[in-house]
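For reference, coords-v8.cif is printed below; it contains mmCIF, C-alpha atoms.
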```cif
data_my_file
#
loop_
_atom_site.label_atom_id
_atom_site.label_comp_id
_atom_site.auth_asym_id
_atom_site.auth_seq_id
_atom_site.Cartn_x
_atom_site.Cartn_y
_atom_site.Cartn_z
CA MET A 1 -1.57 13.63 0.77
CA ARG A 2 -1.92 16.37 3.38
CA ALA A 3 -4.50 18.08 1.15
CA ILE A 4 -6.47 14.82 0.86
CA ASP A 5 -6.25 14.39 4.61
CA ALA A 6 -7.62 17.88 5.17
CA GLU A 7 -10.55 17.60 2.76
CA ARG A 8 -11.85 14.11 3.52
CA ARG A 9 -14.10 13.04 6.38
CA PRO A 10 -12.39 10.73 8.89
CA GLY A 11 -14.89 7.91 8.25
CA ASP A 12 -14.12 7.86 4.54
CA GLY A 13 -12.16 4.68 3.78
CA VAL A 14 -9.96 6.54 1.31
CA ALA A 15 -9.12 9.09 4.01
CA VAL A 16 -8.25 6.27 6.44
CA PHE A 17 -5.70 4.77 4.05
CA ASN A 18 -4.34 8.17 3.04
CA ARG A 19 -3.71 9.06 6.68
CA VAL A 20 -1.79 5.80 7.19
CA TYR A 21 0.26 6.39 4.04
CA LEU A 22 0.95 9.99 5.03
CA THR A 23 2.24 8.82 8.41
CA VAL A 24 4.59 6.30 6.77
CA THR A 25 5.81 8.83 4.17
CA GLU A 26 6.54 11.46 6.80
CA ARG A 27 8.46 8.90 8.85
CA ILE A 28 10.63 7.90 5.88
CA ALA A 29 11.22 11.57 5.01
CA GLU A 30 12.47 12.19 8.57
CA ILE A 31 14.92 9.29 8.27
CA VAL A 32 16.19 10.44 4.86
CA ALA A 33 16.68 13.96 6.24
CA GLY A 34 18.47 12.60 9.31
CA SER A 35 16.09 14.41 11.66
CA VAL A 36 15.38 11.23 13.63
CA SER A 37 17.66 8.43 14.75
CA HIS A 38 16.81 5.11 13.16
CA PRO A 39 18.76 1.93 12.32
CA ALA A 40 17.55 2.12 8.70
CA VAL A 41 20.28 4.12 6.96
CA PHE A 42 19.93 4.27 3.20
CA ARG A 43 23.01 3.72 1.05
CA ASP A 44 21.57 5.93 -1.71
CA SER A 45 19.11 8.44 -0.27
CA PRO A 46 18.53 10.40 -3.54
CA THR A 47 17.43 7.21 -5.28
CA MET A 48 15.10 6.36 -2.41
CA VAL A 49 13.59 9.83 -2.61
CA GLU A 50 13.05 9.32 -6.35
CA LEU A 51 11.40 5.98 -5.66
CA ASP A 52 9.26 7.44 -2.89
CA VAL A 53 7.94 10.16 -5.20
CA ARG A 54 7.15 7.75 -8.04
CA PHE A 55 5.49 5.41 -5.56
CA ALA A 56 3.32 8.17 -4.06
CA ASN A 57 2.35 9.46 -7.50
CA LEU A 58 0.72 6.13 -8.35
CA TRP A 59 -1.59 6.50 -5.34
CA LEU A 60 -2.32 10.13 -6.22
CA THR A 61 -3.04 9.13 -9.83
CA ALA A 62 -5.63 6.61 -8.63
CA TYR A 63 -7.14 9.21 -6.31
CA ASP A 64 -7.29 11.85 -9.06
CA ALA A 65 -8.91 9.36 -11.45
CA ASP A 66 -11.70 8.69 -8.98
CA ALA A 67 -12.14 12.39 -8.21
CA ALA A 68 -12.47 13.13 -11.94
CA GLY A 69 -14.94 10.30 -12.52
CA ARG A 70 -12.46 8.25 -14.53
CA ARG A 71 -11.87 4.52 -14.17
CA VAL A 72 -9.67 3.59 -11.26
CA PRO A 73 -7.10 0.77 -11.78
CA PRO A 74 -8.56 -2.62 -10.77
CA ALA A 75 -6.04 -2.90 -7.92
CA TRP A 76 -7.54 0.22 -6.33
CA ARG A 77 -11.21 -0.23 -7.22
CA PRO A 78 -12.27 -2.15 -4.06
CA LEU A 79 -11.06 0.62 -1.74
CA PHE A 80 -12.88 3.36 -3.64
CA GLU A 81 -16.04 1.29 -4.08
CA ALA A 82 -16.22 0.45 -0.36
CA ARG A 83 -15.04 3.79 1.01
CA ARG A 84 -18.42 4.74 2.53
CA SER A 85 -19.68 1.25 3.37
CA GLY A 86 -18.92 1.22 7.08
CA ARG A 87 -16.05 -1.28 7.17
CA LEU A 88 -13.69 -1.29 10.11
CA PRO A 89 -10.99 1.40 9.77
CA ILE A 90 -8.25 -1.24 9.80
CA GLN A 91 -9.89 -2.89 6.78
CA TYR A 92 -9.50 0.29 4.75
CA ALA A 93 -5.93 0.75 5.97
CA LEU A 94 -4.76 -2.76 5.09
CA ALA A 95 -6.69 -2.96 1.81
CA GLY A 96 -5.01 0.26 0.68
CA MET A 97 -1.60 -0.93 1.82
CA ASN A 98 -2.12 -4.19 -0.04
CA SER A 99 -2.99 -2.41 -3.29
CA HIS A 100 -0.17 0.09 -2.96
CA ILE A 101 2.57 -2.37 -1.97
CA GLU A 102 1.72 -5.36 -4.14
CA HIS A 103 0.70 -3.39 -7.24
CA ASP A 104 2.20 0.11 -7.21
CA LEU A 105 5.53 -0.55 -5.50
CA PRO A 106 7.03 -2.93 -8.10
CA ILE A 107 5.94 -0.58 -10.89
CA ALA A 108 7.63 2.33 -9.10
CA VAL A 109 10.83 0.36 -8.46
CA VAL A 110 11.20 -0.65 -12.11
CA ALA A 111 10.39 2.87 -13.34
CA THR A 112 12.98 4.33 -10.96
CA CYS A 113 15.65 1.88 -12.09
CA ARG A 114 15.00 2.59 -15.76
CA ALA A 115 15.01 6.35 -15.22
CA LEU A 116 18.30 6.31 -13.29
CA GLY A 117 20.07 3.60 -15.29
CA LEU A 118 20.12 1.16 -12.38
CA GLU A 119 19.42 -2.54 -11.93
CA PRO A 120 16.93 -3.66 -9.27
CA ASP A 121 19.79 -5.31 -7.36
CA ASP A 122 21.39 -1.86 -7.00
CA ILE A 123 18.60 -0.72 -4.70
CA HIS A 124 17.62 -3.98 -3.04
CA THR A 125 19.55 -3.25 0.18
CA ASP A 126 17.76 0.08 0.62
CA TYR A 127 14.47 -1.57 -0.30
CA GLU A 128 15.00 -4.01 2.55
CA ALA A 129 15.96 -1.17 4.91
CA VAL A 130 12.52 0.34 4.39
CA ASN A 131 10.94 -2.86 5.70
CA ASP A 132 11.98 -2.08 9.27
CA VAL A 133 10.44 1.39 9.06
CA LEU A 134 7.21 0.06 7.62
CA ALA A 135 7.01 -2.83 10.08
CA ARG A 136 7.31 -0.46 13.04
CA VAL A 137 4.74 2.02 11.73
CA GLU A 138 2.34 -0.65 10.52
CA SER A 139 2.56 -2.51 13.81
CA THR A 140 1.61 0.62 15.76
CA ILE A 141 -1.26 1.40 13.40
CA ARG A 142 -2.59 -2.15 13.41
CA ARG A 143 -2.42 -2.31 17.21
CA SER A 144 -4.34 0.96 17.59
CA PHE A 145 -7.05 -0.21 15.18
CA LEU A 146 -7.31 -3.68 16.71
CA ASP A 147 -7.42 -2.27 20.23
CA GLU A 148 -10.46 -0.28 19.17
CA VAL A 149 -12.01 -3.29 17.47
CA GLY A 150 -11.18 -5.44 20.49
CA ARG A 151 -13.69 -3.55 22.56
CA GLU A 152 -16.42 -4.89 20.27
CA VAL A 153 -15.03 -8.25 19.16
CA ASP A 154 -17.39 -11.21 19.31
CA ASP A 155 -18.54 -13.88 16.88
CA ARG A 156 -19.87 -11.20 14.52
CA ILE A 157 -16.49 -9.77 13.53
CA GLY A 158 -13.97 -12.25 14.90
CA PRO A 159 -13.49 -14.00 11.52
CA VAL A 160 -12.82 -10.64 9.85
CA VAL A 161 -10.23 -9.71 12.46
CA HIS A 162 -8.58 -13.09 11.88
CA LEU A 163 -8.46 -12.40 8.13
CA LEU A 164 -6.90 -8.98 8.68
CA SER A 165 -4.37 -10.35 11.15
CA ALA A 166 -3.20 -12.82 8.50
CA TRP A 167 -2.05 -10.00 6.17
CA ASN A 168 1.64 -9.32 6.72
CA ILE A 169 3.52 -6.30 5.39
CA ASP A 170 6.89 -8.09 5.22
CA LYS A 171 5.41 -10.89 3.13
CA ALA A 172 3.66 -8.34 0.93
CA ARG A 173 6.96 -6.56 0.24
CA ASP A 174 8.73 -9.86 -0.39
CA LEU A 175 6.08 -10.71 -2.97
CA SER A 176 6.41 -7.22 -4.40
CA TRP A 177 10.14 -7.76 -4.96
CA ILE A 178 9.44 -10.96 -6.90
CA THR A 179 7.11 -8.87 -9.05
CA VAL A 180 9.93 -6.35 -9.53
CA GLU A 181 12.18 -9.12 -10.85
CA THR A 182 9.43 -10.38 -13.15
CA LEU A 183 8.69 -6.92 -14.56
CA TRP A 184 12.41 -6.30 -15.05
CA ALA A 185 12.74 -9.54 -17.00
CA LEU A 186 9.75 -8.51 -19.14
CA ARG A 187 10.83 -4.90 -19.70
CA ARG A 188 11.59 -5.45 -23.41
CA LEU A 189 8.54 -7.63 -24.05
CA SER A 190 5.86 -4.95 -24.07
CA PHE A 191 2.91 -7.18 -25.00
CA VAL A 192 3.67 -9.82 -22.35
CA ARG A 193 4.47 -7.12 -19.80
CA GLY A 194 1.14 -5.44 -20.47
CA ARG A 195 -0.73 -8.71 -20.01
CA PHE A 196 1.16 -9.39 -16.79
CA LEU A 197 0.41 -5.92 -15.38
CA ASP A 198 -3.28 -6.27 -16.20
CA SER A 199 -3.40 -9.64 -14.44
CA LEU A 200 -1.46 -8.24 -11.48
CA SER A 201 -3.87 -5.36 -11.03
CA HIS A 202 -6.91 -7.63 -11.01
CA THR A 203 -5.29 -10.20 -8.70
CA VAL A 204 -4.20 -7.56 -6.18
CA GLY A 205 -7.68 -6.07 -6.36
CA MET A 206 -9.20 -9.42 -5.42
CA THR A 207 -7.07 -9.60 -2.28
CA SER A 208 -8.02 -6.04 -1.32
CA ARG A 209 -11.68 -6.89 -1.83
CA ALA A 210 -11.29 -9.88 0.52
CA LEU A 211 -9.71 -7.61 3.14
CA LEU A 212 -12.81 -5.42 2.84
CA THR A 213 -15.22 -8.25 3.68
CA PRO A 214 -18.30 -6.52 5.17
CA VAL A 215 -18.82 -6.75 8.90
CA VAL A 216 -22.41 -7.65 9.75
CA VAL A 217 -23.50 -6.16 13.05
CA ASP A 218 -26.76 -7.10 14.72
CA PRO A 219 -28.16 -3.79 16.11
CA ALA A 220 -30.05 -5.71 18.79
CA ARG A 221 -26.80 -6.87 20.40
#
```

Encoded form using structure tokens:
Amino acid sequence: MRAIDAERRPGDGVAVFNRVYLTVTERIAEIVAGSVSHPAVFRDSPTMVELDVRFANLWLTAYDADAAGRRVPPAWRPLFEARRSGRLPIQYALAGMNSHIEHDLPIAVVATCRALGLEPDDIHTDYEAVNDVLARVESTIRRSFLDEVGREVDDRIGPVVHLLSAWNIDKARDLSWITVETLWALRRLSFVRGRFLDSLSHTVGMTSRALLTPVVVDPAR
């Protein structure tokens, strides 16, 4: 993620999301290492590190697919397709977070549980502990983006800001956990699981595309 951050132009929508994700990942790494004081104390830090790596790898896989000219998963397609289309930075940030949390996170949780011989309930407490970290970081990021947008807000982009303000990271993670439970129940039904994952990817992609609604600016104003 640091390499992506170094090689991409700041206005690139992919770079915007990657910077947000890098900030969150570094914050969680500091908490796991005990280098910062934070109320979120993980019961099983090694498992959370394993989950964090699997989670990040799904983003990097999507990035590598685009860089190599391969098809990007439907959940990620809107971000890559709109990356140079002049959306507001917060649109790129939240669209990427939506794709990563509602699509990649449940896949990473189930894969981690299967690899370590755990049940989802075994890590649910730590999963919830991450919410506080994410809420604090996301709140700061959203406020900085919206403060910048606020200097330009009028009837041209007000509806878009309203749409973006409606997206909530806690609700996204709650929905993601329901998806975890569904995928876990389907883990031995490969055909049904495959159909469900395909539908999930397309559905999440539709939400991300909505978050990337173009902002029409009248140059005369």

Self-check item: Two-atom distance - atom CA of A:His103, atom CA of A:Ser201 (Å)
Solution: 6.3 Å

Quiz prompt | Minimum-distance residue to A:Met48, chosen among A:Asp5, A:Ile31, A:His100, A:Arg71 (using all atoms listed in the file) | solution = A:Ile31

Quiz item: Pick from A:Val14, A:Ile101, A:Ile4, A:Leu197: nearest to A:Pro78, with all atoms listed in the file counted?
Solution: A:Val14

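Checking A:Val32, A:Ile178, A:Ala3, A:Ala95 one by one against A:Glu81, counting only C-alpha atoms, you find the shortest gap at A:Ala95.
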
Quiz item: Once the PyMOL selection byres ((chain A and resi 84) around 12) has been applied to the shown file, what residues remain in the selection, as a VMD selection string?
Solution: chain A and resid 8 to 16 78 to 83 85 to 89 92 212 214

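Ranking A:Ser199, A:Arg2, A:Ala115, A:Val110 by their shortest atom-to-atom distance to A:Leu186, with all atoms listed in the file included, puts A:Val110 first.
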
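The spacing separating atom CA of A:Pro120 from atom CA of A:Pro74 amounts to 25.6 Å.
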
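Atom CA of A:Ala108 sits 28.2 Å away from atom CA of A:Thr213.
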
For a cutoff of 12 Å around the file-coordinate point (21.1, 7.9, -4.1), which residues qualify once you count all atoms listed in the file? I'd like the result as a PDB file with C-alpha atoms, in the coordinates of the input.
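New file out.pdb:
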```
ATOM      1  CA  VAL A  32      16.190  10.440   4.860  1.00  0.00           C
ATOM      2  CA  VAL A  41      20.280   4.120   6.960  1.00  0.00           C
ATOM      3  CA  PHE A  42      19.930   4.270   3.200  1.00  0.00           C
ATOM      4  CA  ARG A  43      23.010   3.720   1.050  1.00  0.00           C
ATOM      5  CA  ASP A  44      21.570   5.930  -1.710  1.00  0.00           C
ATOM      6  CA  SER A  45      19.110   8.440  -0.270  1.00  0.00           C
ATOM      7  CA  PRO A  46      18.530  10.400  -3.540  1.00  0.00           C
ATOM      8  CA  THR A  47      17.430   7.210  -5.280  1.00  0.00           C
ATOM      9  CA  MET A  48      15.100   6.360  -2.410  1.00  0.00           C
ATOM     10  CA  VAL A  49      13.590   9.830  -2.610  1.00  0.00           C
ATOM     11  CA  GLU A  50      13.050   9.320  -6.350  1.00  0.00           C
ATOM     12  CA  LEU A  51      11.400   5.980  -5.660  1.00  0.00           C
ATOM     13  CA  ASP A  52       9.260   7.440  -2.890  1.00  0.00           C
ATOM     14  CA  THR A 112      12.980   4.330 -10.960  1.00  0.00           C
ATOM     15  CA  CYS A 113      15.650   1.880 -12.090  1.00  0.00           C
ATOM     16  CA  LEU A 116      18.300   6.310 -13.290  1.00  0.00           C
ATOM     17  CA  LEU A 118      20.120   1.160 -12.380  1.00  0.00           C
ATOM     18  CA  ASP A 122      21.390  -1.860  -7.000  1.00  0.00           C
ATOM     19  CA  ILE A 123      18.600  -0.720  -4.700  1.00  0.00           C
ATOM     20  CA  ASP A 126      17.760   0.080   0.620  1.00  0.00           C
TER      21      ASP A 126
END
```

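Between A:Phe17 and the residues A:Val180, A:Met97, A:Ala33, A:Leu211, the shortest atom-to-atom distance, using all atoms listed in the file, involves A:Met97.
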
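Point (4.8, -2.1, -1.4) has the following residues at most 9 Å away: A:Phe55, A:Met97, A:Asn98, A:Ser99, A:His100, A:Ile101, A:Glu102, A:His103, A:Asp104, A:Leu105, A:Pro106, A:Ile169, A:Ala172, A:Arg173, A:Asp174, A:Leu175, A:Ser176, A:Trp177 (atoms considered: all atoms listed in the file).
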
Now that the selection is made, can you save its residues with C-alpha atoms as a PDB file, in the coordinates of the input?
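What follows is the written file out38.pdb:
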```
ATOM      1  CA  PHE A  55       5.490   5.410  -5.560  1.00  0.00           C
ATOM      2  CA  MET A  97      -1.600  -0.930   1.820  1.00  0.00           C
ATOM      3  CA  ASN A  98      -2.120  -4.190  -0.040  1.00  0.00           C
ATOM      4  CA  SER A  99      -2.990  -2.410  -3.290  1.00  0.00           C
ATOM      5  CA  HIS A 100      -0.170   0.090  -2.960  1.00  0.00           C
ATOM      6  CA  ILE A 101       2.570  -2.370  -1.970  1.00  0.00           C
ATOM      7  CA  GLU A 102       1.720  -5.360  -4.140  1.00  0.00           C
ATOM      8  CA  HIS A 103       0.700  -3.390  -7.240  1.00  0.00           C
ATOM      9  CA  ASP A 104       2.200   0.110  -7.210  1.00  0.00           C
ATOM     10  CA  LEU A 105       5.530  -0.550  -5.500  1.00  0.00           C
ATOM     11  CA  PRO A 106       7.030  -2.930  -8.100  1.00  0.00           C
ATOM     12  CA  ILE A 169       3.520  -6.300   5.390  1.00  0.00           C
ATOM     13  CA  ALA A 172       3.660  -8.340   0.930  1.00  0.00           C
ATOM     14  CA  ARG A 173       6.960  -6.560   0.240  1.00  0.00           C
ATOM     15  CA  ASP A 174       8.730  -9.860  -0.390  1.00  0.00           C
ATOM     16  CA  LEU A 175       6.080 -10.710  -2.970  1.00  0.00           C
ATOM     17  CA  SER A 176       6.410  -7.220  -4.400  1.00  0.00           C
ATOM     18  CA  TRP A 177      10.140  -7.760  -4.960  1.00  0.00           C
TER      19      TRP A 177
END
```

Quiz item: A:Pro73: which residues within 7 Å, counting only C-alpha atoms, same-chain residues fewer than 3 positions away excluded, as an MDAnalysis selection string?
Solution: chainID A and resid 62 76:77 201

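If all atoms listed in the file are the atoms counted, then among A:Met1, A:Ala29, A:Ala111, A:Leu22 the closest residue to A:Val130 is A:Ala29.
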
Exercise. Show which residues sit within 8 Å of A:Ala75, as JSON, numbers by chain. Count all atoms listed in the file, and ignore same-chain residues fewer than 4 positions away.
Key: {"A": [99, 103, 200, 201, 202, 203, 204, 205, 206, 208]}

Exercise. Could you expand the PyMOL selection byres ((chain A and resi 187) around 12) into the explicit residues it covers here, written as an NGL selection string?
Key: :A and (107 or 110-111 or 113-114 or 119 or 179-186 or 188-194 or 196-197)

Practice problem: Enumerate, as a ChimeraX atom specification, the residues matched when the PyMOL selection byres ((chain A and resi 63) around 10) is run on the file above. | Solution: /A:4,14,18,57-62,64-68,70,72,76,80
